[in-house]
file entry-v7.txt (compact mmCIF, C-alpha atoms (C1' of nucleotides))
# COMPACT_ATOMS: atom_id res chain seq x y z
CA MET B 527 0.00 0.00 0.00
CA VAL B 528 1.43 3.30 -1.06
CA VAL B 529 0.92 6.07 1.46
CA SER B 530 0.10 9.37 -0.17
CA LEU B 531 1.90 12.54 0.82
CA ASP B 532 -0.65 13.54 3.43
CA GLY B 533 -0.50 9.99 4.74
CA GLU B 534 -4.17 9.51 4.05
CA GLN B 535 -6.81 8.93 1.45
CA ASP B 536 -5.32 5.92 -0.28
CA VAL B 537 -8.57 4.19 -1.08
CA PHE B 538 -7.00 1.64 -3.40
CA GLY B 539 -4.49 0.68 -0.76
CA ALA B 540 -7.20 0.49 1.86
CA ILE B 541 -9.28 -1.98 -0.12
CA SER B 542 -6.29 -4.06 -1.15
CA HIS B 543 -6.58 -6.22 1.98
CA PRO B 544 -9.34 -8.83 1.89
CA ALA B 545 -10.13 -8.37 5.58
CA ARG B 546 -10.72 -4.69 5.04
CA ARG B 547 -12.99 -5.34 2.09
CA GLN B 548 -14.90 -7.79 4.23
CA MET B 549 -15.20 -5.17 6.95
CA LEU B 550 -16.70 -2.74 4.47
CA ASP B 551 -19.05 -5.47 3.32
CA LEU B 552 -20.19 -5.97 6.90
CA LEU B 553 -20.81 -2.27 7.26
CA VAL B 554 -23.08 -2.22 4.24
CA GLU B 555 -25.74 -3.93 6.31
CA ALA B 556 -25.43 -1.76 9.40
CA ASP B 557 -23.15 0.29 11.55
CA ARG B 558 -21.20 -1.98 13.83
CA SER B 559 -19.00 -1.85 16.90
CA VAL B 560 -15.40 -3.00 16.85
CA ASN B 561 -16.18 -6.12 18.83
CA THR B 562 -19.01 -7.04 16.51
CA ILE B 563 -16.71 -6.65 13.57
CA ALA B 564 -13.90 -8.51 15.30
CA GLY B 565 -16.27 -11.41 15.85
CA HIS B 566 -16.09 -12.12 12.13
CA PHE B 567 -12.35 -12.48 12.06
CA GLN B 568 -9.72 -14.69 13.58
CA MET B 569 -7.16 -11.99 14.09
CA SER B 570 -6.81 -10.20 17.41
CA ARG B 571 -9.09 -7.29 18.24
CA PRO B 572 -6.25 -4.77 18.08
CA ALA B 573 -5.47 -5.95 14.59
CA VAL B 574 -9.08 -5.24 13.67
CA SER B 575 -8.74 -1.78 15.22
CA GLN B 576 -5.70 -1.16 13.09
CA HIS B 577 -7.50 -2.17 9.93
CA LEU B 578 -10.39 0.09 10.88
CA ARG B 579 -7.92 2.89 11.34
CA ILE B 580 -6.71 2.44 7.81
CA LEU B 581 -10.28 2.52 6.54
CA LEU B 582 -10.87 5.62 8.63
CA ASP B 583 -7.79 7.35 7.25
CA ALA B 584 -8.95 6.52 3.75
CA GLY B 585 -12.29 8.11 4.59
CA LEU B 586 -14.12 4.89 3.86
CA VAL B 587 -15.71 4.77 7.31
CA THR B 588 -16.54 7.16 10.12
CA GLU B 589 -16.65 6.63 13.87
CA GLN B 590 -19.59 7.25 16.19
CA ARG B 591 -19.14 6.97 19.89
CA HIS B 592 -21.99 5.36 21.73
CA GLY B 593 -21.16 5.06 25.37
CA ARG B 594 -18.14 2.93 25.66
CA GLU B 595 -18.36 1.47 22.20
CA ARG B 596 -17.56 2.98 18.84
CA ARG B 597 -19.71 2.19 15.89
CA TYR B 598 -18.21 2.36 12.47
CA ARG B 599 -20.25 3.55 9.56
CA LEU B 600 -19.61 3.06 5.88
CA VAL B 601 -18.95 6.09 3.70
CA PRO B 602 -19.71 4.53 0.33
CA GLN B 603 -19.10 7.72 -1.64
CA ARG B 604 -15.42 7.34 -0.83
CA LEU B 605 -15.37 4.29 -3.09
CA GLY B 606 -15.93 6.73 -5.91
CA PRO B 607 -12.30 6.78 -7.07
CA VAL B 608 -12.37 3.02 -7.50
CA ARG B 609 -15.64 3.11 -9.30
CA GLU B 610 -14.46 5.88 -11.58
CA TRP B 611 -11.22 4.19 -12.38
CA ILE B 612 -12.89 0.91 -13.19
CA ALA B 613 -15.45 2.74 -15.30
CA HIS B 614 -12.69 3.59 -17.78
CA TYR B 615 -12.69 -0.06 -18.69
CA GLU B 616 -16.43 -0.34 -19.14
CA ARG B 617 -16.20 -0.79 -22.86
CA PHE B 618 -14.43 -4.08 -22.24
CA TRP B 619 -17.05 -5.74 -20.07
CA ASP B 620 -18.75 -8.73 -21.47
CA ASP B 621 -22.23 -7.53 -20.67
CA HIS B 622 -21.43 -4.25 -22.35
CA LEU B 623 -20.49 -6.18 -25.46
CA GLN B 624 -23.54 -8.36 -25.06
CA ARG B 625 -25.69 -5.29 -24.82
CA LEU B 626 -24.08 -3.97 -27.98
CA GLN B 627 -24.55 -7.31 -29.68
CA LYS B 628 -28.18 -7.45 -28.72
CA GLN B 629 -28.71 -3.99 -30.06
CA LEU B 630 -26.94 -4.90 -33.27
CA SER B 631 -28.88 -8.10 -33.76
CA LYS B 632 -32.09 -6.28 -32.98
CA ARG B 633 -31.20 -3.68 -35.52
CA SER B 634 -30.36 -6.30 -38.16
CA LYS B 635 -33.73 -7.95 -37.62
CA GLU B 636 -35.58 -4.73 -38.16
CA MET P 157 -0.63 -6.46 -0.80
CA VAL P 158 -1.71 -9.85 0.42
CA VAL P 159 -0.36 -12.72 -1.59
CA SER P 160 -2.86 -15.52 -2.08
CA LEU P 161 -1.92 -19.13 -1.42
CA ASP P 162 -0.87 -19.83 -4.97
CA GLY P 163 1.14 -16.62 -4.85
CA GLU P 164 -0.88 -15.15 -7.65
CA GLN P 165 -4.15 -13.62 -8.71
CA ASP P 166 -4.34 -10.82 -6.19
CA VAL P 167 -6.01 -8.30 -8.45
CA PHE P 168 -6.82 -5.86 -5.66
CA GLY P 169 -3.22 -5.91 -4.51
CA ALA P 170 -2.02 -5.47 -8.07
CA ILE P 171 -4.07 -2.33 -8.65
CA SER P 172 -3.25 -0.86 -5.25
CA HIS P 173 -0.14 0.85 -6.60
CA PRO P 174 -0.76 3.99 -8.63
CA ALA P 175 2.04 3.23 -11.05
CA ARG P 176 0.47 -0.13 -11.84
CA ARG P 177 -2.91 1.45 -12.42
CA GLN P 178 -1.27 3.93 -14.73
CA MET P 179 0.40 1.08 -16.60
CA LEU P 180 -2.94 -0.56 -17.13
CA ASP P 181 -4.33 2.77 -18.31
CA LEU P 182 -1.54 3.00 -20.87
CA LEU P 183 -2.32 -0.48 -22.09
CA VAL P 184 -5.94 0.43 -22.72
CA GLU P 185 -4.84 2.37 -25.76
CA ALA P 186 -2.49 -0.21 -27.20
CA ASP P 187 -0.11 -3.02 -26.46
CA ARG P 188 3.22 -1.57 -25.45
CA SER P 189 6.81 -2.65 -24.96
CA VAL P 190 8.52 -2.38 -21.60
CA ASN P 191 10.66 0.53 -22.73
CA THR P 192 7.66 2.39 -24.04
CA ILE P 193 5.93 1.92 -20.72
CA ALA P 194 9.05 2.82 -18.77
CA GLY P 195 9.22 6.07 -20.71
CA HIS P 196 6.18 7.25 -18.78
CA PHE P 197 7.76 6.75 -15.37
CA GLN P 198 10.69 8.08 -13.45
CA MET P 199 11.62 4.81 -11.81
CA SER P 200 14.25 2.53 -13.30
CA ARG P 201 13.35 0.12 -16.06
CA PRO P 202 13.84 -2.94 -13.84
CA ALA P 203 11.36 -1.45 -11.40
CA VAL P 204 8.88 -1.20 -14.25
CA SER P 205 9.60 -4.83 -15.12
CA GLN P 206 8.85 -5.79 -11.57
CA HIS P 207 5.55 -3.96 -11.60
CA LEU P 208 4.67 -5.63 -14.89
CA ARG P 209 5.48 -8.96 -13.33
CA ILE P 210 2.97 -8.31 -10.59
CA LEU P 211 0.35 -7.38 -13.17
CA LEU P 212 1.25 -10.53 -15.10
CA ASP P 213 0.91 -12.71 -12.00
CA ALA P 214 -2.46 -11.15 -11.31
CA GLY P 215 -3.48 -12.04 -14.85
CA LEU P 216 -4.14 -8.42 -15.67
CA VAL P 217 -1.74 -8.42 -18.60
CA THR P 218 -0.16 -10.92 -20.97
CA GLU P 219 3.20 -10.93 -22.69
CA GLN P 220 3.88 -11.17 -26.40
CA ARG P 221 7.41 -11.56 -27.63
CA HIS P 222 8.23 -9.65 -30.75
CA GLY P 223 11.86 -10.10 -31.59
CA ARG P 224 13.81 -8.71 -28.71
CA GLU P 225 11.00 -6.76 -27.20
CA ARG P 226 8.03 -7.89 -25.20
CA ARG P 227 4.72 -6.24 -25.66
CA TYR P 228 2.30 -6.27 -22.84
CA ARG P 229 -1.39 -6.53 -23.47
CA LEU P 230 -4.25 -5.68 -21.16
CA VAL P 231 -6.59 -8.44 -20.02
CA PRO P 232 -9.51 -6.29 -18.93
CA GLN P 233 -11.72 -9.22 -17.95
CA ARG P 234 -9.38 -9.81 -15.02
CA LEU P 235 -10.66 -6.57 -13.54
CA GLY P 236 -13.93 -8.41 -13.08
CA PRO P 237 -13.44 -9.11 -9.36
CA VAL P 238 -12.98 -5.40 -8.70
CA ARG P 239 -15.97 -4.49 -10.76
CA GLU P 240 -18.11 -7.12 -9.08
CA TRP P 241 -17.06 -6.09 -5.63
CA ILE P 242 -17.73 -2.45 -6.28
CA ALA P 243 -21.08 -3.35 -7.80
CA HIS P 244 -22.26 -4.45 -4.36
CA TYR P 245 -22.27 -0.79 -3.45
CA GLU P 246 -24.17 0.38 -6.47
CA ARG P 247 -27.24 1.30 -4.51
CA PHE P 248 -25.18 3.99 -2.80
CA TRP P 249 -24.02 5.84 -5.87
CA ASP P 250 -25.32 9.28 -6.37
CA ASP P 251 -26.34 8.74 -9.94
CA HIS P 252 -28.19 5.63 -8.90
CA LEU P 253 -30.12 7.71 -6.41
CA GLN P 254 -30.62 10.38 -9.04
CA ARG P 255 -31.98 7.79 -11.39
CA LEU P 256 -34.33 6.61 -8.66
CA GLN P 257 -35.36 10.16 -7.93
CA LYS P 258 -36.04 10.86 -11.56
CA GLN P 259 -38.15 7.78 -11.79
CA LEU P 260 -40.03 8.73 -8.66
CA SER P 261 -40.65 12.30 -9.76
CA LYS P 262 -41.73 11.07 -13.17
CA ARG P 263 -44.13 8.69 -11.51
CA SER P 264 -45.49 11.40 -9.24
CA LYS P 265 -46.18 13.61 -12.24
CA GLU P 266 -48.12 10.90 -14.01
C1' DT A 1116 -15.73 3.70 44.08
C1' DT A 1117 -14.13 -0.47 42.71
C1' DT A 1118 -14.54 -3.46 38.85
C1' DA A 1119 -15.62 -4.84 34.23
C1' DC A 1120 -15.92 -3.66 29.47
C1' DA A 1121 -14.85 -1.48 24.93
C1' DT A 1122 -11.48 0.28 22.61
C1' DG A 1123 -7.16 2.72 21.14
C1' DT A 1124 -2.12 2.89 21.30
C1' DA A 1125 2.76 1.39 21.99
C1' DA A 1126 6.33 -1.66 21.23
C1' DG A 1127 8.28 -5.50 19.11
C1' DT A 1128 8.87 -8.69 15.17
C1' DG A 1129 8.88 -11.32 10.94
C1' DT A 1130 7.47 -10.56 6.20
C1' DT A 1131 6.59 -8.07 2.16
C1' DT A 1132 7.17 -3.83 -0.89
C1' DG A 1133 9.43 -1.03 -3.80
C1' DC A 1134 13.23 0.50 -5.25
C1' DT A 1135 18.19 0.51 -6.69
C1' DT A 1136 22.54 -1.30 -9.15
C1' DA A 1137 24.82 -5.15 -11.24
C1' DC A 1138 24.55 -8.84 -14.13
C1' DG A 1139 22.67 -12.56 -17.36
C1' DT A 1140 20.45 -13.78 -21.79
C1' DA A 1141 18.36 -13.59 -26.07
C1' DT A 1142 17.75 -11.20 -30.33
C1' DA A 1143 19.03 -7.83 -33.67
C1' DT A 1144 22.54 -5.00 -36.10
C1' DT A 1145 27.13 -4.07 -38.01
C1' DA G 669 31.93 -12.52 -35.02
C1' DA G 670 31.49 -8.51 -32.31
C1' DT G 671 28.46 -5.24 -30.48
C1' DA G 672 24.25 -3.00 -29.24
C1' DT G 673 19.52 -3.44 -27.69
C1' DA G 674 15.63 -5.09 -24.91
C1' DC G 675 14.62 -7.11 -21.61
C1' DG G 676 14.49 -10.35 -17.05
C1' DT G 677 16.59 -11.63 -12.63
C1' DA G 678 19.55 -11.42 -8.39
C1' DA G 679 21.05 -9.13 -4.45
C1' DG G 680 20.69 -5.72 -1.19
C1' DC G 681 18.27 -2.42 1.59
C1' DA G 682 15.13 0.94 3.79
C1' DA G 683 10.47 1.42 4.57
C1' DA G 684 5.93 -0.22 5.20
C1' DC G 685 2.66 -4.08 6.51
C1' DA G 686 0.31 -7.11 9.35
C1' DC G 687 0.30 -9.09 13.18
C1' DT G 688 1.06 -9.99 18.24
C1' DT G 689 1.04 -8.92 23.47
C1' DA G 690 1.05 -5.46 26.97
C1' DC G 691 -0.74 -1.36 28.52
C1' DA G 692 -3.54 3.14 28.79
C1' DT G 693 -8.07 5.43 28.78
C1' DG G 694 -12.68 6.31 29.11
C1' DT G 695 -17.32 4.73 30.14
C1' DA G 696 -20.76 1.68 32.42
C1' DA G 697 -22.14 -1.40 36.04
C1' DA G 698 -21.82 -3.36 40.87
call {"tool": "encode", "arguments": {"input": "entry-v7.txt", "output": "structure tokens"}}
result
Amino acid sequence: MVVSLDGEQDVFGAISHPARRQMLDLLVEADRSVNTIAGHFQMSRPAVSQHLRILLDAGLVTEQRHGRERRYRLVPQRLGPVREWIAHYERFWDDHLQRLQKQLSKRSKE
Amino acid sequence: MVVSLDGEQDVFGAISHPARRQMLDLLVEADRSVNTIAGHFQMSRPAVSQHLRILLDAGLVTEQRHGRERRYRLVPQRLGPVREWIAHYERFWDDHLQRLQKQLSKRSKE
DNA sequence: TTTACATGTAAGTGTTTGCTTACGTATATT
DNA sequence: AATATACGTAAGCAAACACTTACATGTAAA
């Protein structure tokens, strides 16, 4: 993972670890506390905290304090850079081609 | 970057480095030799080779030998895992919401 | 007001990255 | 045949990663 100059915001680096992607996936369903999240992993709780910190630094999640627990919340808009980058390749997707093909075949039938 | 058990195929790790993303972007336009690619970067040519090796291991590019040069070719389908993962979040995109809103306002006008 | 709980942070460690320079190898050119 | 070109690979190294255990802090419960 390449740390950017401000030491933050590296979304691509943040999602490069499968555990962190899985954490984001968990947070799609609902905000969750660290312990709840940690329950889904085998690594130690501090390790989970550290991963969450990376997600936080990347802006992919936010923290809410609720009493003595902290709930993490997904910030899906921060996945924008990934989505935009991948969109450059849209013309290559199979279903895009299929859509084109369908349109073409439809046109040829008309 | 987390190396999978077979030591390969880690697409998310492969695209986590900005230089590697830029290399893929270059290869969208055309197949290119290592030197051509290296011309776009400040790092040494061997460093570029090493990045290309990572892309190759991830299946994101292929090699073609042409005389004494090797041309690298994009394999865009291998970006599928990224696209699929990001698609899980589609409901959160602004334009998705905008599309929904448009539909709703259209419906309310009818 | 002790005690338990939820969590972050520090320190330590082995492993992996990302880069460099030096060198090896195959193909073209002269 | 000798040389130049286009690469890959090896070795070395500083920095970053990913994890662990131990500890600090703040809040809730007894």
call {"tool": "interface_residues", "arguments": {"input": "entry-v7.txt", "of": "chain P", "to": "chain G", "cutoff": "8 Å", "atoms": "all atoms listed in the file", "output": "JSON list (two decimals) with C-alpha atoms, keeping the file's coordinate frame"}}
result
[["chain", "number", "residue", "atom", "x", "y", "z"],
["P", 190, "VAL", "CA", 8.52, -2.38, -21.60],
["P", 191, "ASN", "CA", 10.66, 0.53, -22.73],
["P", 205, "SER", "CA", 9.60, -4.83, -15.12],
["P", 224, "ARG", "CA", 13.81, -8.71, -28.71],
["P", 225, "GLU", "CA", 11.00, -6.76, -27.20],
["P", 226, "ARG", "CA", 8.03, -7.89, -25.20]]
call {"tool": "closest_atom_pairs", "arguments": {"input": "entry-v7.txt", "of": "chain P", "to": "chain B", "cutoff": "6 Å", "atoms": "only C-alpha atoms", "output": "JSON lines"}}
result
{"residue": "P:Phe168", "atom": "CA", "partner": "B:Ser542", "partner_atom": "CA", "distance": 4.9}
{"residue": "P:Gly169", "atom": "CA", "partner": "B:Ser542", "partner_atom": "CA", "distance": 4.9}
{"residue": "P:Ser172", "atom": "CA", "partner": "B:Phe538", "partner_atom": "CA", "distance": 4.9}
call {"tool": "write_last_selection", "arguments": {"input": "entry-v7.txt", "atoms": "C-alpha atoms", "output": "PDB file, keeping the file's coordinate frame"}}
result
ATOM      1  CA  PHE P 168      -6.820  -5.860  -5.660  1.00  0.00           C
ATOM      2  CA  GLY P 169      -3.220  -5.910  -4.510  1.00  0.00           C
ATOM      3  CA  SER P 172      -3.250  -0.860  -5.250  1.00  0.00           C
TER       4      SER P 172
END
call {"tool": "interface_residues", "arguments": {"input": "entry-v7.txt", "of": "chain A", "to": "chain P", "cutoff": "8 Å", "atoms": "all atoms listed in the file", "output": "number ranges by chain"}}
result
A: 1131, 1133-1135, 1141-1143
call {"tool": "residues_around", "arguments": {"input": "entry-v7.txt", "residues": "Ala214 (chain P)", "least_positions_apart": "2", "cutoff": "8 Å", "atoms": "all atoms listed in the file", "output": "list in words"}}
result
Glu164, Gln165, Asp166, Val167, Ala170, Ile210, Leu211, Leu212, Leu216, Val217 and Arg234 of chain P
call {"tool": "closest_residue", "arguments": {"input": "entry-v7.txt", "among": "P:Tyr228, P:Glu240, P:Arg201, P:Gln220", "to": "Asp187 (chain P)", "atoms": "all atoms listed in the file"}}
result
P:Tyr228
call {"tool": "atom_distance", "arguments": {"input": "entry-v7.txt", "atom1": "CA of Gly565 (chain B)", "atom2": "C1' of DA1125 (chain A)"}}
result
23.7 Å
call {"tool": "atom_distance", "arguments": {"input": "entry-v7.txt", "atom1": "CA of Met549 (chain B)", "atom2": "CA of Leu578 (chain B)"}}
result
8.1 Å
call {"tool": "atom_distance", "arguments": {"input": "entry-v7.txt", "atom1": "CA of Arg591 (chain B)", "atom2": "C1' of DG1123 (chain A)"}}
result
12.8 Å
call {"tool": "decode", "arguments": {"input": "entry-v7.txt", "residues": "region 527-607 of chain B", "atoms": "C-alpha atoms", "output": "PDB file, in the first residue's frame"}}
result
ATOM      1  CA  MET B 527       0.000   0.000   0.000  1.00  0.00           C
ATOM      2  CA  VAL B 528       1.429   3.299  -1.060  1.00  0.00           C
ATOM      3  CA  VAL B 529       0.917   6.065   1.460  1.00  0.00           C
ATOM      4  CA  SER B 530       0.101   9.367  -0.166  1.00  0.00           C
ATOM      5  CA  LEU B 531       1.902  12.540   0.824  1.00  0.00           C
ATOM      6  CA  ASP B 532      -0.652  13.540   3.432  1.00  0.00           C
ATOM      7  CA  GLY B 533      -0.498   9.995   4.739  1.00  0.00           C
ATOM      8  CA  GLU B 534      -4.170   9.507   4.051  1.00  0.00           C
ATOM      9  CA  GLN B 535      -6.809   8.929   1.452  1.00  0.00           C
ATOM     10  CA  ASP B 536      -5.315   5.915  -0.282  1.00  0.00           C
ATOM     11  CA  VAL B 537      -8.575   4.191  -1.080  1.00  0.00           C
ATOM     12  CA  PHE B 538      -7.004   1.635  -3.400  1.00  0.00           C
ATOM     13  CA  GLY B 539      -4.491   0.683  -0.756  1.00  0.00           C
ATOM     14  CA  ALA B 540      -7.200   0.491   1.861  1.00  0.00           C
ATOM     15  CA  ILE B 541      -9.285  -1.980  -0.122  1.00  0.00           C
ATOM     16  CA  SER B 542      -6.294  -4.064  -1.147  1.00  0.00           C
ATOM     17  CA  HIS B 543      -6.583  -6.224   1.977  1.00  0.00           C
ATOM     18  CA  PRO B 544      -9.344  -8.828   1.893  1.00  0.00           C
ATOM     19  CA  ALA B 545     -10.126  -8.372   5.583  1.00  0.00           C
ATOM     20  CA  ARG B 546     -10.718  -4.687   5.035  1.00  0.00           C
ATOM     21  CA  ARG B 547     -12.994  -5.336   2.091  1.00  0.00           C
ATOM     22  CA  GLN B 548     -14.897  -7.791   4.225  1.00  0.00           C
ATOM     23  CA  MET B 549     -15.199  -5.169   6.948  1.00  0.00           C
ATOM     24  CA  LEU B 550     -16.699  -2.743   4.472  1.00  0.00           C
ATOM     25  CA  ASP B 551     -19.053  -5.470   3.321  1.00  0.00           C
ATOM     26  CA  LEU B 552     -20.190  -5.970   6.903  1.00  0.00           C
ATOM     27  CA  LEU B 553     -20.814  -2.266   7.263  1.00  0.00           C
ATOM     28  CA  VAL B 554     -23.080  -2.220   4.240  1.00  0.00           C
ATOM     29  CA  GLU B 555     -25.742  -3.926   6.314  1.00  0.00           C
ATOM     30  CA  ALA B 556     -25.434  -1.761   9.398  1.00  0.00           C
ATOM     31  CA  ASP B 557     -23.153   0.293  11.554  1.00  0.00           C
ATOM     32  CA  ARG B 558     -21.195  -1.984  13.830  1.00  0.00           C
ATOM     33  CA  SER B 559     -18.996  -1.847  16.895  1.00  0.00           C
ATOM     34  CA  VAL B 560     -15.404  -2.999  16.853  1.00  0.00           C
ATOM     35  CA  ASN B 561     -16.182  -6.124  18.828  1.00  0.00           C
ATOM     36  CA  THR B 562     -19.009  -7.042  16.512  1.00  0.00           C
ATOM     37  CA  ILE B 563     -16.712  -6.650  13.567  1.00  0.00           C
ATOM     38  CA  ALA B 564     -13.900  -8.506  15.299  1.00  0.00           C
ATOM     39  CA  GLY B 565     -16.269 -11.405  15.846  1.00  0.00           C
ATOM     40  CA  HIS B 566     -16.091 -12.125  12.130  1.00  0.00           C
ATOM     41  CA  PHE B 567     -12.346 -12.478  12.064  1.00  0.00           C
ATOM     42  CA  GLN B 568      -9.725 -14.686  13.579  1.00  0.00           C
ATOM     43  CA  MET B 569      -7.157 -11.987  14.087  1.00  0.00           C
ATOM     44  CA  SER B 570      -6.812 -10.202  17.412  1.00  0.00           C
ATOM     45  CA  ARG B 571      -9.089  -7.287  18.244  1.00  0.00           C
ATOM     46  CA  PRO B 572      -6.245  -4.765  18.083  1.00  0.00           C
ATOM     47  CA  ALA B 573      -5.471  -5.954  14.591  1.00  0.00           C
ATOM     48  CA  VAL B 574      -9.078  -5.235  13.673  1.00  0.00           C
ATOM     49  CA  SER B 575      -8.740  -1.783  15.220  1.00  0.00           C
ATOM     50  CA  GLN B 576      -5.698  -1.164  13.086  1.00  0.00           C
ATOM     51  CA  HIS B 577      -7.498  -2.169   9.931  1.00  0.00           C
ATOM     52  CA  LEU B 578     -10.386   0.085  10.879  1.00  0.00           C
ATOM     53  CA  ARG B 579      -7.923   2.887  11.345  1.00  0.00           C
ATOM     54  CA  ILE B 580      -6.706   2.441   7.814  1.00  0.00           C
ATOM     55  CA  LEU B 581     -10.282   2.516   6.541  1.00  0.00           C
ATOM     56  CA  LEU B 582     -10.874   5.617   8.629  1.00  0.00           C
ATOM     57  CA  ASP B 583      -7.788   7.345   7.251  1.00  0.00           C
ATOM     58  CA  ALA B 584      -8.955   6.521   3.752  1.00  0.00           C
ATOM     59  CA  GLY B 585     -12.293   8.114   4.589  1.00  0.00           C
ATOM     60  CA  LEU B 586     -14.122   4.887   3.865  1.00  0.00           C
ATOM     61  CA  VAL B 587     -15.705   4.769   7.312  1.00  0.00           C
ATOM     62  CA  THR B 588     -16.537   7.155  10.124  1.00  0.00           C
ATOM     63  CA  GLU B 589     -16.652   6.629  13.866  1.00  0.00           C
ATOM     64  CA  GLN B 590     -19.586   7.251  16.187  1.00  0.00           C
ATOM     65  CA  ARG B 591     -19.136   6.973  19.890  1.00  0.00           C
ATOM     66  CA  HIS B 592     -21.986   5.360  21.733  1.00  0.00           C
ATOM     67  CA  GLY B 593     -21.159   5.063  25.374  1.00  0.00           C
ATOM     68  CA  ARG B 594     -18.136   2.925  25.657  1.00  0.00           C
ATOM     69  CA  GLU B 595     -18.360   1.474  22.200  1.00  0.00           C
ATOM     70  CA  ARG B 596     -17.559   2.978  18.837  1.00  0.00           C
ATOM     71  CA  ARG B 597     -19.711   2.187  15.888  1.00  0.00           C
ATOM     72  CA  TYR B 598     -18.211   2.359  12.473  1.00  0.00           C
ATOM     73  CA  ARG B 599     -20.251   3.551   9.564  1.00  0.00           C
ATOM     74  CA  LEU B 600     -19.612   3.056   5.881  1.00  0.00           C
ATOM     75  CA  VAL B 601     -18.953   6.089   3.695  1.00  0.00           C
ATOM     76  CA  PRO B 602     -19.706   4.529   0.329  1.00  0.00           C
ATOM     77  CA  GLN B 603     -19.102   7.720  -1.644  1.00  0.00           C
ATOM     78  CA  ARG B 604     -15.418   7.335  -0.832  1.00  0.00           C
ATOM     79  CA  LEU B 605     -15.373   4.294  -3.088  1.00  0.00           C
ATOM     80  CA  GLY B 606     -15.927   6.732  -5.913  1.00  0.00           C
ATOM     81  CA  PRO B 607     -12.296   6.783  -7.074  1.00  0.00           C
TER      82      PRO B 607
END
